[in-house]
file coords_7.txt (compact mmCIF, C-alpha atoms)
# COMPACT_ATOMS: atom_id res chain seq x y z
CA GLY I 1 17.15 20.82 9.55
CA PRO I 2 19.59 17.90 9.84
CA THR I 3 21.69 19.08 6.86
CA CYS I 4 22.23 22.62 8.14
CA ALA I 5 22.74 21.43 11.71
CA VAL I 6 25.59 19.19 10.50
CA ILE I 7 27.07 22.05 8.43
CA ALA I 8 27.04 24.23 11.59
CA TYR I 9 28.51 21.33 13.60
CA LYS I 10 31.38 20.77 11.14
CA CYS I 11 31.98 24.44 10.24
CA PRO I 12 32.00 26.34 13.55
CA ARG I 13 33.11 29.58 11.82
CA ILE I 14 30.12 29.61 9.44
CA LYS I 15 26.89 31.13 10.74
CA VAL I 16 23.93 28.94 9.79
CA THR I 17 20.38 30.30 10.13
CA ILE I 18 17.37 28.06 9.47
CA VAL I 19 14.20 30.00 8.67
CA ASP I 20 10.57 29.00 8.28
CA VAL I 21 7.31 30.94 8.17
CA ASN I 22 5.76 28.32 10.48
CA GLU I 23 6.30 29.71 13.99
CA THR I 24 5.25 26.48 15.73
CA ARG I 25 7.90 24.53 13.86
CA ILE I 26 10.64 27.07 14.64
CA ASN I 27 9.61 27.07 18.33
CA ALA I 28 9.99 23.28 18.31
CA TRP I 29 13.49 23.56 16.81
CA ASN I 30 14.37 26.01 19.62
CA SER I 31 12.95 23.71 22.33
CA ASP I 32 14.17 20.53 24.05
CA HIS I 33 11.82 18.44 21.84
CA LEU I 34 12.84 18.80 18.19
CA PRO I 35 10.02 18.53 15.61
CA ILE I 36 11.50 15.43 13.95
CA TYR I 37 13.02 12.25 15.34
CA GLU I 38 16.36 11.32 13.86
CA PRO I 39 19.03 9.33 15.77
CA GLY I 40 21.93 11.64 16.68
CA LEU I 41 20.14 14.87 15.66
CA ASP I 42 19.60 16.12 19.23
CA GLU I 43 23.32 16.01 20.05
CA VAL I 44 24.29 17.94 16.90
CA VAL I 45 21.61 20.64 17.33
CA PHE I 46 22.14 21.10 21.08
CA GLU I 47 25.92 21.33 20.57
CA ARG I 48 25.73 24.26 18.09
CA ARG I 49 22.39 25.98 18.72
CA GLY I 50 22.88 29.56 19.92
CA LYS I 51 26.56 29.50 18.89
CA ASN I 52 26.57 29.38 15.09
CA LEU I 53 23.22 27.62 14.50
CA PHE I 54 20.01 29.66 14.75
CA PHE I 55 16.32 28.98 14.08
CA THR I 56 14.07 31.95 13.33
CA THR I 57 10.95 33.16 11.51
CA GLU I 58 12.73 36.35 10.40
CA VAL I 59 13.10 35.25 6.79
CA GLU I 60 13.99 38.62 5.27
CA ASN I 61 16.80 39.35 7.73
CA ALA I 62 18.30 35.91 7.13
CA ILE I 63 18.18 36.38 3.33
CA ASN I 64 20.01 39.69 3.61
CA GLU I 65 22.68 38.36 5.97
CA ALA I 66 23.42 35.24 3.89
CA ASP I 67 26.04 34.73 1.19
CA LEU I 68 24.68 31.29 0.39
CA ILE I 69 20.96 30.40 0.53
CA PHE I 70 19.64 26.83 0.56
CA VAL I 71 16.07 26.61 -0.80
CA SER I 72 14.69 23.57 1.03
CA VAL I 73 10.94 23.92 0.61
CA ASN I 74 8.41 21.19 -0.05
CA THR I 75 7.76 19.95 -3.62
CA PRO I 76 4.63 17.79 -3.27
CA THR I 77 2.96 15.99 -6.18
CA LYS I 78 0.28 18.20 -7.78
CA LYS I 79 -3.27 17.27 -6.78
CA ALA I 80 -5.05 19.24 -9.52
CA GLY I 81 -4.45 20.90 -12.88
CA MET I 82 -1.89 20.03 -15.52
CA GLY I 83 0.15 16.95 -14.55
CA ALA I 84 -2.07 16.20 -11.52
CA GLY I 85 -0.97 13.04 -9.73
CA TYR I 86 2.51 13.04 -11.32
CA ALA I 87 4.15 16.46 -11.67
CA ALA I 88 5.77 18.26 -8.73
CA ASP I 89 4.06 21.39 -7.47
CA LEU I 90 6.73 24.07 -7.69
CA ALA I 91 4.65 26.90 -6.16
CA TYR I 92 6.74 26.91 -2.95
CA ILE I 93 10.03 26.93 -4.88
CA GLU I 94 8.83 29.86 -6.99
CA SER I 95 7.55 31.92 -4.05
CA ALA I 96 10.81 31.35 -2.14
CA THR I 97 12.82 32.41 -5.22
CA ARG I 98 10.69 35.54 -5.70
CA GLN I 99 11.14 36.44 -2.04
CA ILE I 100 14.94 36.17 -2.37
CA ALA I 101 14.83 38.36 -5.50
CA GLU I 102 12.69 41.01 -3.80
CA VAL I 103 14.56 41.16 -0.49
CA ALA I 104 18.23 40.70 -1.44
CA ARG I 105 20.44 43.80 -1.11
CA SER I 106 23.65 42.03 -2.15
CA SER I 107 24.78 39.17 -4.44
CA LYS I 108 23.74 35.62 -3.43
CA ILE I 109 24.47 32.03 -4.32
CA VAL I 110 21.08 30.28 -4.36
CA VAL I 111 21.17 26.49 -3.89
CA GLU I 112 18.34 24.09 -4.77
CA LYS I 113 18.14 21.55 -1.95
CA SER I 114 14.57 20.39 -2.62
CA THR I 115 14.08 17.44 -4.95
CA VAL I 116 12.91 19.04 -8.16
CA PRO I 117 12.09 17.99 -11.70
CA CYS I 118 14.82 18.44 -14.27
CA ARG I 119 15.40 22.07 -15.37
CA THR I 120 13.66 23.70 -12.37
CA ALA I 121 16.80 25.81 -11.97
CA GLU I 122 15.94 27.34 -15.34
CA SER I 123 12.77 28.93 -13.93
CA MET I 124 14.57 29.99 -10.74
CA ARG I 125 17.31 31.55 -12.85
CA THR I 126 14.79 33.43 -15.03
CA ILE I 127 13.16 34.97 -11.94
CA LEU I 128 16.48 35.87 -10.31
CA GLU I 129 18.12 37.22 -13.46
CA ALA I 130 15.09 39.42 -14.15
CA ASN I 131 15.83 41.00 -10.76
CA SER I 132 19.63 41.23 -11.16
CA HIS I 133 21.46 44.48 -11.89
CA ASP I 134 25.02 45.80 -11.76
CA ASP I 135 25.26 45.70 -7.96
CA ILE I 136 23.46 42.40 -7.34
CA ARG I 137 23.92 39.08 -9.14
CA PHE I 138 22.48 35.65 -8.38
CA ASP I 139 24.22 32.35 -9.05
CA ILE I 140 22.25 29.10 -8.99
CA LEU I 141 23.50 25.71 -7.84
CA SER I 142 21.83 22.32 -7.46
CA ASN I 143 22.87 20.33 -4.36
CA PRO I 144 20.40 17.46 -3.89
CA GLU I 145 20.07 15.45 -0.66
CA PHE I 146 21.00 11.76 -0.63
CA LEU I 147 19.86 11.08 2.94
CA ALA I 148 17.90 8.11 4.20
CA GLU I 149 15.52 8.84 7.08
CA GLY I 150 16.61 7.06 10.25
CA THR I 151 20.30 7.34 9.27
CA ALA I 152 20.36 11.00 8.11
CA ILE I 153 23.03 12.23 10.55
CA ASN I 154 25.41 9.39 9.72
CA ASP I 155 24.69 9.89 5.98
CA LEU I 156 25.59 13.58 6.36
CA LEU I 157 28.73 12.95 8.41
CA HIS I 158 29.94 10.14 6.10
CA PRO I 159 28.31 10.70 2.69
CA ASP I 160 28.85 8.34 -0.28
CA ARG I 161 29.07 11.51 -2.34
CA VAL I 162 28.10 15.19 -2.37
CA LEU I 163 26.73 16.40 -5.69
CA ILE I 164 26.96 20.05 -6.75
CA GLY I 165 25.62 21.14 -10.13
CA GLY I 166 26.28 24.57 -11.61
CA LEU I 167 26.23 26.50 -14.85
CA GLN I 168 29.28 25.87 -17.02
CA THR I 169 30.38 29.53 -16.93
CA PRO I 170 33.23 31.24 -15.04
CA GLU I 171 30.68 32.61 -12.52
CA GLY I 172 29.04 29.16 -12.25
CA TYR I 173 32.38 27.46 -11.51
CA LYS I 174 33.20 30.12 -8.91
CA ALA I 175 29.84 29.60 -7.14
CA GLN I 176 30.36 25.83 -7.25
CA GLN I 177 33.77 26.21 -5.64
CA ALA I 178 32.28 28.30 -2.82
CA LEU I 179 29.95 25.43 -1.86
CA VAL I 180 32.69 22.83 -2.38
CA GLU I 181 34.75 24.71 0.25
CA VAL I 182 31.90 24.39 2.80
CA TYR I 183 31.70 20.60 2.38
CA GLU I 184 35.51 20.24 2.31
CA HIS I 185 35.50 20.98 6.06
CA TRP I 186 34.69 17.28 6.56
CA VAL I 187 34.08 15.52 3.22
CA PRO I 188 37.13 14.26 1.22
CA ARG I 189 37.43 16.20 -2.06
CA ASP I 190 37.18 13.04 -4.19
CA LYS I 191 33.67 12.48 -2.80
CA ILE I 192 32.48 15.92 -3.90
CA ILE I 193 31.20 15.63 -7.48
CA THR I 194 30.72 18.74 -9.60
CA THR I 195 28.45 18.47 -12.66
CA ASN I 196 26.33 20.66 -14.86
CA LEU I 197 23.07 21.91 -13.37
CA TRP I 198 20.74 19.55 -15.25
CA SER I 199 22.79 16.41 -14.53
CA SER I 200 22.65 17.20 -10.81
CA GLU I 201 18.86 17.66 -10.82
CA LEU I 202 18.23 14.48 -12.81
CA SER I 203 20.69 12.42 -10.70
CA LYS I 204 18.51 12.86 -7.61
CA LEU I 205 15.36 11.61 -9.37
CA ALA I 206 17.36 8.82 -11.01
CA ALA I 207 18.92 7.63 -7.73
CA ASN I 208 15.53 7.37 -5.98
CA ALA I 209 13.93 5.71 -9.02
CA LEU I 210 16.70 3.09 -9.21
CA LEU I 211 16.45 2.33 -5.47
CA ALA I 212 12.66 2.03 -5.62
CA GLN I 213 12.94 -0.14 -8.73
CA ARG I 214 15.08 -2.64 -6.78
CA ILE I 215 12.41 -2.87 -4.06
CA SER I 216 9.63 -3.40 -6.60
CA SER I 217 11.78 -5.97 -8.45
CA ILE I 218 12.40 -8.05 -5.32
CA ASN I 219 8.73 -7.70 -4.32
CA ALA I 220 7.67 -8.97 -7.77
CA LEU I 221 9.88 -12.00 -7.15
CA SER I 222 8.33 -12.47 -3.69
CA ALA I 223 4.97 -13.14 -5.38
CA ILE I 224 6.61 -15.90 -7.45
CA CYS I 225 8.26 -17.30 -4.29
CA GLU I 226 4.91 -17.52 -2.50
CA ALA I 227 3.39 -19.31 -5.49
CA THR I 228 6.25 -21.83 -5.86
CA GLY I 229 7.58 -22.42 -2.34
CA ALA I 230 10.91 -20.66 -2.91
CA ASP I 231 12.23 -18.47 -0.07
CA ILE I 232 12.58 -14.79 -1.03
CA ASP I 233 15.30 -14.15 1.58
CA GLU I 234 17.36 -16.98 0.09
CA VAL I 235 16.79 -15.71 -3.46
CA ALA I 236 17.73 -12.15 -2.42
CA TYR I 237 20.86 -13.41 -0.64
CA ALA I 238 21.97 -15.46 -3.65
CA CYS I 239 21.40 -12.56 -6.06
CA GLY I 240 22.91 -9.99 -3.69
CA ARG I 241 26.21 -11.91 -3.57
CA ASP I 242 26.69 -11.01 -7.24
CA SER I 243 28.95 -7.94 -6.99
CA ARG I 244 27.19 -6.39 -10.00
CA ILE I 245 23.87 -6.47 -8.12
CA GLY I 246 24.90 -6.12 -4.46
CA PRO I 247 22.77 -6.82 -1.36
CA ARG I 248 21.24 -3.41 -0.61
CA PHE I 249 17.55 -2.70 -1.18
CA LEU I 250 16.82 -6.36 -1.92
CA LYS I 251 14.69 -6.87 1.19
CA ALA I 252 11.21 -8.07 0.28
CA SER I 253 8.44 -6.32 2.21
CA VAL I 254 4.88 -5.08 2.13
CA GLY I 255 6.14 -2.19 -0.03
CA PHE I 256 8.12 1.04 0.03
CA GLY I 257 6.90 4.35 1.46
CA GLY I 258 8.41 7.69 2.42
CA SER I 259 8.41 11.17 0.98
CA CYS I 260 10.74 10.49 -1.96
CA PHE I 261 10.37 7.28 -3.92
CA GLN I 262 6.79 7.46 -5.15
CA LYS I 263 6.88 11.25 -5.62
CA ASP I 264 10.15 11.19 -7.55
CA ILE I 265 9.19 8.27 -9.79
CA LEU I 266 5.88 9.95 -10.68
CA ASN I 267 7.92 13.07 -11.41
CA LEU I 268 10.12 11.02 -13.75
CA VAL I 269 6.99 9.54 -15.40
CA TYR I 270 5.64 13.05 -16.02
CA LEU I 271 9.00 14.27 -17.34
CA SER I 272 9.15 11.29 -19.75
CA GLU I 273 5.63 11.99 -21.00
CA GLN I 274 6.46 15.68 -21.52
CA LEU I 275 9.52 14.64 -23.54
CA ASN I 276 7.26 12.39 -25.65
CA LEU I 277 8.80 9.15 -24.32
CA PRO I 278 5.67 7.07 -23.51
CA GLU I 279 7.52 3.73 -23.22
CA VAL I 280 9.96 5.20 -20.68
CA ALA I 281 7.02 6.68 -18.72
CA ALA I 282 5.20 3.32 -18.71
CA TYR I 283 8.35 1.52 -17.50
CA TRP I 284 8.82 3.73 -14.43
CA LYS I 285 5.07 3.90 -13.71
CA GLN I 286 5.12 0.12 -13.35
CA VAL I 287 7.50 0.40 -10.36
CA VAL I 288 4.84 2.40 -8.47
CA ASP I 289 2.03 0.11 -9.71
CA LEU I 290 3.88 -2.94 -8.42
CA ASN I 291 4.31 -1.28 -5.04
CA GLU I 292 0.52 -0.80 -4.81
CA TYR I 293 0.01 -4.41 -5.95
CA GLN I 294 2.30 -5.69 -3.19
CA LYS I 295 0.27 -3.87 -0.50
CA LYS I 296 -3.08 -5.11 -1.89
CA ARG I 297 -1.70 -8.65 -2.21
CA PHE I 298 -0.68 -8.63 1.47
CA VAL I 299 -4.12 -7.40 2.61
CA SER I 300 -5.96 -9.97 0.52
CA ARG I 301 -3.74 -12.74 1.94
CA ILE I 302 -4.59 -11.63 5.50
CA ILE I 303 -8.33 -11.66 4.75
CA LYS I 304 -8.20 -15.09 3.05
CA THR I 305 -6.18 -16.56 5.94
CA LEU I 306 -8.66 -15.22 8.51
CA PHE I 307 -11.41 -17.36 6.92
CA ASN I 308 -12.32 -14.79 4.25
CA THR I 309 -13.67 -12.16 6.66
CA ILE I 310 -12.19 -9.72 9.16
CA THR I 311 -15.51 -8.09 10.13
CA ASN I 312 -15.39 -7.33 13.88
CA LYS I 313 -12.05 -9.13 14.20
CA ARG I 314 -9.32 -7.44 16.21
CA ILE I 315 -6.15 -6.71 14.30
CA ALA I 316 -3.01 -5.36 15.97
CA VAL I 317 -0.88 -3.29 13.59
CA LEU I 318 2.69 -2.95 14.85
CA GLY I 319 4.36 0.07 13.29
CA PHE I 320 2.90 3.02 11.42
CA ALA I 321 6.01 4.93 10.25
CA PHE I 322 7.13 4.10 6.70
CA LYS I 323 10.39 2.64 8.09
CA LYS I 324 12.15 2.23 11.44
CA ASP I 325 14.00 5.01 13.28
CA THR I 326 11.75 7.82 12.04
CA GLY I 327 8.36 9.28 12.95
CA ASP I 328 7.63 10.02 9.27
CA THR I 329 4.45 8.42 7.92
CA ARG I 330 4.40 9.87 4.39
CA GLU I 331 3.22 7.19 1.90
CA SER I 332 3.63 4.56 4.64
CA ALA I 333 2.42 1.08 3.68
CA ALA I 334 0.70 0.94 7.09
CA ILE I 335 -1.76 3.66 6.00
CA THR I 336 -2.96 1.55 3.06
CA LEU I 337 -3.19 -1.58 5.23
CA CYS I 338 -5.16 0.15 7.99
CA LYS I 339 -7.56 1.85 5.56
CA ASP I 340 -8.28 -1.53 3.94
CA PHE I 341 -8.84 -3.17 7.35
CA ILE I 342 -11.23 -0.35 8.37
CA GLN I 343 -13.14 -0.76 5.10
CA GLU I 344 -13.55 -4.47 5.90
CA ASN I 345 -15.04 -3.48 9.30
CA ALA I 346 -12.18 -4.82 11.40
CA ARG I 347 -11.29 -3.42 14.82
CA VAL I 348 -7.79 -2.02 14.46
CA ARG I 349 -5.29 -1.29 17.21
CA ILE I 350 -2.13 0.53 16.19
CA TYR I 351 1.16 0.89 18.03
CA ASP I 352 4.22 2.81 16.84
CA PRO I 353 7.00 3.99 19.19
CA LYS I 354 7.55 7.36 17.45
CA VAL I 355 4.36 8.33 15.57
CA SER I 356 1.87 10.49 17.49
CA GLU I 357 -1.80 9.62 17.89
CA GLN I 358 -2.69 12.92 16.19
CA GLN I 359 -0.59 12.01 13.10
CA ILE I 360 -2.15 8.54 12.79
CA PHE I 361 -5.69 9.95 12.87
CA LEU I 362 -4.65 12.63 10.36
CA ASP I 363 -3.30 9.99 7.94
CA LEU I 364 -6.32 7.71 8.22
CA SER I 365 -8.77 10.63 7.63
CA GLU I 366 -11.75 8.35 8.48
CA PRO I 367 -10.32 6.27 11.30
CA GLY I 368 -13.47 4.20 12.00
CA ARG I 369 -12.92 1.70 14.78
CA VAL I 370 -9.27 2.46 15.48
CA ILE I 371 -7.57 2.54 18.87
CA ILE I 372 -4.01 3.80 19.42
CA ALA I 373 -2.17 1.55 21.86
CA ARG I 374 0.71 2.59 24.12
CA SER I 375 2.65 -0.66 23.63
CA ALA I 376 2.80 -3.71 21.39
CA TYR I 377 1.43 -5.77 24.29
CA GLU I 378 -1.61 -3.53 24.68
CA ALA I 379 -2.22 -3.59 20.92
CA SER I 380 -2.15 -7.38 20.70
CA GLU I 381 -4.31 -8.19 23.74
CA ASN I 382 -7.39 -10.21 22.63
CA ALA I 383 -6.31 -9.77 18.99
CA ASP I 384 -7.09 -12.30 16.27
CA ALA I 385 -4.02 -11.30 14.28
CA ILE I 386 -0.83 -9.25 14.53
CA VAL I 387 0.43 -7.45 11.43
CA VAL I 388 4.03 -6.17 11.45
CA ALA I 389 4.05 -3.10 9.19
CA THR I 390 7.31 -1.35 10.22
CA GLU I 391 10.65 -3.04 10.95
CA TRP I 392 11.25 -1.47 14.39
CA ASP I 393 13.95 -3.42 16.27
CA GLU I 394 11.80 -3.63 19.41
CA PHE I 395 9.33 -5.90 17.56
CA LYS I 396 12.05 -8.56 17.31
CA GLU I 397 12.58 -8.51 21.10
CA LEU I 398 8.97 -8.81 22.32
CA ASP I 399 7.90 -11.58 24.71
CA TYR I 400 5.79 -13.44 22.16
CA GLU I 401 4.94 -16.23 24.61
CA SER I 402 3.02 -13.82 26.87
CA ILE I 403 1.48 -12.14 23.79
CA TYR I 404 0.28 -15.54 22.52
CA LYS I 405 -1.44 -16.36 25.81
CA LYS I 406 -3.56 -13.19 25.63
CA MET I 407 -4.61 -13.53 21.97
CA ASN I 408 -7.67 -15.18 20.48
CA LYS I 409 -6.93 -18.64 19.08
CA PRO I 410 -5.90 -19.53 16.47
CA ALA I 411 -3.41 -16.67 16.82
CA PHE I 412 -2.05 -15.34 13.53
CA ILE I 413 1.05 -13.25 12.81
CA PHE I 414 1.63 -11.63 9.42
CA ASP I 415 5.19 -10.38 9.07
CA GLY I 416 5.18 -7.68 6.39
CA ARG I 417 8.85 -6.85 6.95
CA LEU I 418 10.50 -10.27 7.27
CA ILE I 419 12.07 -9.43 10.64
CA LEU I 420 10.62 -12.12 12.96
CA ASP I 421 11.91 -15.62 13.74
CA ALA I 422 9.07 -17.56 12.09
CA GLU I 423 10.18 -21.00 13.36
CA LYS I 424 10.36 -19.82 16.97
CA LEU I 425 6.89 -18.24 16.70
CA LYS I 426 5.46 -21.44 15.22
CA SER I 427 6.88 -23.44 18.14
CA ILE I 428 5.01 -21.10 20.54
CA GLY I 429 1.78 -21.87 18.69
CA PHE I 430 1.37 -18.94 16.28
CA ARG I 431 0.23 -19.42 12.71
CA VAL I 432 2.88 -17.42 10.90
CA HIS I 433 2.60 -15.92 7.43
CA THR I 434 5.52 -14.02 5.90
CA ILE I 435 6.07 -12.40 2.54
call {"tool": "encode", "arguments": {"input": "coords_7.txt", "output": "structure tokens"}}
result
Amino acid sequence: GPTCAVIAYKCPRIKVTIVDVNETRINAWNSDHLPIYEPGLDEVVFERRGKNLFFTTEVENAINEADLIFVSVNTPTKKAGMGAGYAADLAYIESATRQIAEVARSSKIVVEKSTVPCRTAESMRTILEANSHDDIRFDILSNPEFLAEGTAINDLLHPDRVLIGGLQTPEGYKAQQALVEVYEHWVPRDKIITTNLWSSELSKLAANALLAQRISSINALSAICEATGADIDEVAYACGRDSRIGPRFLKASVGFGGSCFQKDILNLVYLSEQLNLPEVAAYWKQVVDLNEYQKKRFVSRIIKTLFNTITNKRIAVLGFAFKKDTGDTRESAAITLCKDFIQENARVRIYDPKVSEQQIFLDLSEPGRVIIARSAYEASENADAIVVATEWDEFKELDYESIYKKMNKPAFIFDGRLILDAEKLKSIGFRVHTI
């Protein structure tokens, strides 16, 4: 959605049609309330929608009209069968590819946008080539996303790089150039990288794995800091000033979430195992294991601090999205925290500015004694403890003095995102625990 909206925004002469079989989702894209929250997305969509940006369920028409087709379907981790728990489920990719092959009446450039395991393009190519003939040919490109949720529009307008992988053949180079020309409308040519197909696919998994590895590395150090009295923010700052390391993704927290990091690392683990590289698989698996450890460590610290029991205690959870400026809850640390609190028979009140009540109940599956609050103040009234699970800016600006007055005493705050002024909260009377 955001990617193609920005392409339409920057390339007014190119017709961009976004298709989905889910009618409810398409209706939302055509309404005043878009189905996802992303700062700046509304302006881009409303500016071009109906001019050169269209949303429709007429998949076959759109395939036939298009010269260039982005395949942007979901690639979830398999839940059963071979590679369950690690490998990506490519059923949606395959069915989309087969539909293109069946419907197309003219030659197409087919672009992988979904994050896929290395050499997925090989299977797409096999399907498409089996359906090629003299009048119709299919070229395959890989063009992975490097967007961060919450900053997607800015990332699209000012990308660090655009990566386009293609086959190293005359036709492959020609297809690559066609997509390069689309991005050249607004991206400087030196930021558009062209590679072979497999390098492009692996680069996406590698980038997410390396980012997640930094988070797990700093979180591993946070455990040492808590045991020794060192300050993880100071350690991260000192290390981040080394130009070889840099400051990004060195923020200690309750753990990473989102649709990419865990899924892509598990994908890399599975790929390593399939290539008979068990030590490489074990190395990357540890990044995910440490993320789970960090969440469990935080929960156990909360329980120990609240006198070793949270049965019937009221806990206010501030934030449910996996990070600020998005309504996305996939793999959110808050889900793990809340499920553990429910299992310990606590009374949980959750507030998030952008996640719907329906989504929270869906994620918790057995919500137990959970109430969804309409504000942070409502969530924390009569609470024994506040747990900050998402780094929303509004949580820094709350009137903590009035919150303190309405909480049970002693009043505890557990900052899982290191965003609050701990000294100020202590002066109000809170007992503050940070990672």
call {"tool": "closest_residue", "arguments": {"input": "coords_7.txt", "among": "I:Asn27, I:Thr194, I:Ser95, I:Asn52", "to": "I:Pro12", "atoms": "all atoms listed in the file"}}
result
I:Asn52
call {"tool": "residues_around", "arguments": {"input": "coords_7.txt", "residues": "I:Phe249", "least_positions_apart": "3", "cutoff": "10 Å", "atoms": "only C-alpha atoms", "output": "PyMOL selection string"}}
result
chain I and resi 210-218+236+240+246+252
call {"tool": "closest_residue", "arguments": {"input": "coords_7.txt", "among": "I:Lys313, I:Arg241, I:Arg119, I:Lys251", "to": "I:Leu202", "atoms": "only C-alpha atoms"}}
result
I:Arg119
call {"tool": "residues_around", "arguments": {"input": "coords_7.txt", "residues": "I:His33", "least_positions_apart": "4", "cutoff": "12 Å", "atoms": "only C-alpha atoms", "output": "PDB file with C-alpha atoms, in the coordinates of the input"}}
result
ATOM      1  CA  ARG I  25       7.900  24.530  13.860  1.00  0.00           C
ATOM      2  CA  ILE I  26      10.640  27.070  14.640  1.00  0.00           C
ATOM      3  CA  ASN I  27       9.610  27.070  18.330  1.00  0.00           C
ATOM      4  CA  ALA I  28       9.990  23.280  18.310  1.00  0.00           C
ATOM      5  CA  TRP I  29      13.490  23.560  16.810  1.00  0.00           C
ATOM      6  CA  TYR I  37      13.020  12.250  15.340  1.00  0.00           C
ATOM      7  CA  GLU I  38      16.360  11.320  13.860  1.00  0.00           C
ATOM      8  CA  LEU I  41      20.140  14.870  15.660  1.00  0.00           C
ATOM      9  CA  ASP I  42      19.600  16.120  19.230  1.00  0.00           C
ATOM     10  CA  GLU I  43      23.320  16.010  20.050  1.00  0.00           C
ATOM     11  CA  VAL I  45      21.610  20.640  17.330  1.00  0.00           C
ATOM     12  CA  PHE I  46      22.140  21.100  21.080  1.00  0.00           C
TER      13      PHE I  46
END
call {"tool": "atom_distance", "arguments": {"input": "coords_7.txt", "atom1": "atom CA of I:Leu197", "atom2": "atom CA of I:Leu167"}}
result
5.8 Å
call {"tool": "closest_residue", "arguments": {"input": "coords_7.txt", "among": "I:Ile315, I:Leu128, I:Val111, I:Ala373", "to": "I:Ala66", "atoms": "all atoms listed in the file"}}
result
I:Val111
call {"tool": "closest_residue", "arguments": {"input": "coords_7.txt", "among": "I:Leu362, I:Tyr293, I:Arg125, I:Leu318", "to": "I:Leu398", "atoms": "all atoms listed in the file"}}
result
I:Leu318
call {"tool": "residues_around", "arguments": {"input": "coords_7.txt", "residues": "I:Leu418", "least_positions_apart": "5", "cutoff": "8 Å", "atoms": "all atoms listed in the file", "output": "PDB file with C-alpha atoms, in the frame of the given file"}}
result
ATOM      1  CA  ALA I 252      11.210  -8.070   0.280  1.00  0.00           C
ATOM      2  CA  SER I 253       8.440  -6.320   2.210  1.00  0.00           C
ATOM      3  CA  THR I 434       5.520 -14.020   5.900  1.00  0.00           C
ATOM      4  CA  ILE I 435       6.070 -12.400   2.540  1.00  0.00           C
TER       5      ILE I 435
END
call {"tool": "closest_residue", "arguments": {"input": "coords_7.txt", "among": "I:Val370, I:Leu141, I:Ala230, I:Ile335", "to": "I:Asn312", "atoms": "all atoms listed in the file"}}
result
I:Val370
call {"tool": "closest_residue", "arguments": {"input": "coords_7.txt", "among": "I:Ile7, I:Leu420, I:Val19, I:Ala62", "to": "I:Thr390", "atoms": "all atoms listed in the file"}}
result
I:Leu420
call {"tool": "residues_around", "arguments": {"input": "coords_7.txt", "residues": "I:Thr195", "least_positions_apart": "4", "cutoff": "7 Å", "atoms": "all atoms listed in the file", "output": "list in words"}}
result
Ile164, Gly165, Gly166, Ser199 and Ser200 of chain I
call {"tool": "residues_around", "arguments": {"input": "coords_7.txt", "residues": "I:Val180", "least_positions_apart": "4", "cutoff": "9 Å", "atoms": "only C-alpha atoms", "output": "number ranges by chain"}}
result
I: 162, 164, 175-176, 184, 189, 192-194
call {"tool": "build_atoms", "arguments": {"input": "coords_7.txt", "residues": "stretch 123-131 of chain I", "atoms": "N, CA, C and O atoms", "output": "short mmCIF file (atom, residue, chain, number, x, y, z; two decimals), keeping the file's coordinate frame"}}
result
data_model
loop_
_atom_site.label_atom_id
_atom_site.label_comp_id
_atom_site.auth_asym_id
_atom_site.auth_seq_id
_atom_site.Cartn_x
_atom_site.Cartn_y
_atom_site.Cartn_z
N SER I 123 13.80 27.96 -14.33
CA SER I 123 12.77 28.93 -13.93
C SER I 123 13.26 29.80 -12.78
O SER I 123 13.00 31.01 -12.74
N MET I 124 14.00 29.20 -11.84
CA MET I 124 14.57 29.99 -10.74
C MET I 124 15.51 31.05 -11.30
O MET I 124 15.50 32.22 -10.88
N ARG I 125 16.33 30.64 -12.27
CA ARG I 125 17.31 31.55 -12.85
C ARG I 125 16.61 32.71 -13.57
O ARG I 125 17.01 33.87 -13.47
N THR I 126 15.53 32.39 -14.30
CA THR I 126 14.79 33.43 -15.03
C THR I 126 14.27 34.49 -14.07
O THR I 126 14.40 35.70 -14.31
N ILE I 127 13.70 34.03 -12.94
CA ILE I 127 13.16 34.97 -11.94
C ILE I 127 14.29 35.82 -11.35
O ILE I 127 14.18 37.04 -11.24
N LEU I 128 15.38 35.15 -10.97
CA LEU I 128 16.48 35.87 -10.31
C LEU I 128 17.20 36.82 -11.27
O LEU I 128 17.54 37.94 -10.90
N GLU I 129 17.41 36.36 -12.51
CA GLU I 129 18.12 37.22 -13.46
C GLU I 129 17.29 38.45 -13.83
O GLU I 129 17.83 39.52 -14.09
N ALA I 130 15.97 38.29 -13.85
CA ALA I 130 15.09 39.42 -14.15
C ALA I 130 15.20 40.49 -13.05
O ALA I 130 14.84 41.64 -13.26
N ASN I 131 15.69 40.07 -11.88
CA ASN I 131 15.83 41.00 -10.76
C ASN I 131 17.29 41.37 -10.47
O ASN I 131 17.59 42.02 -9.48
#
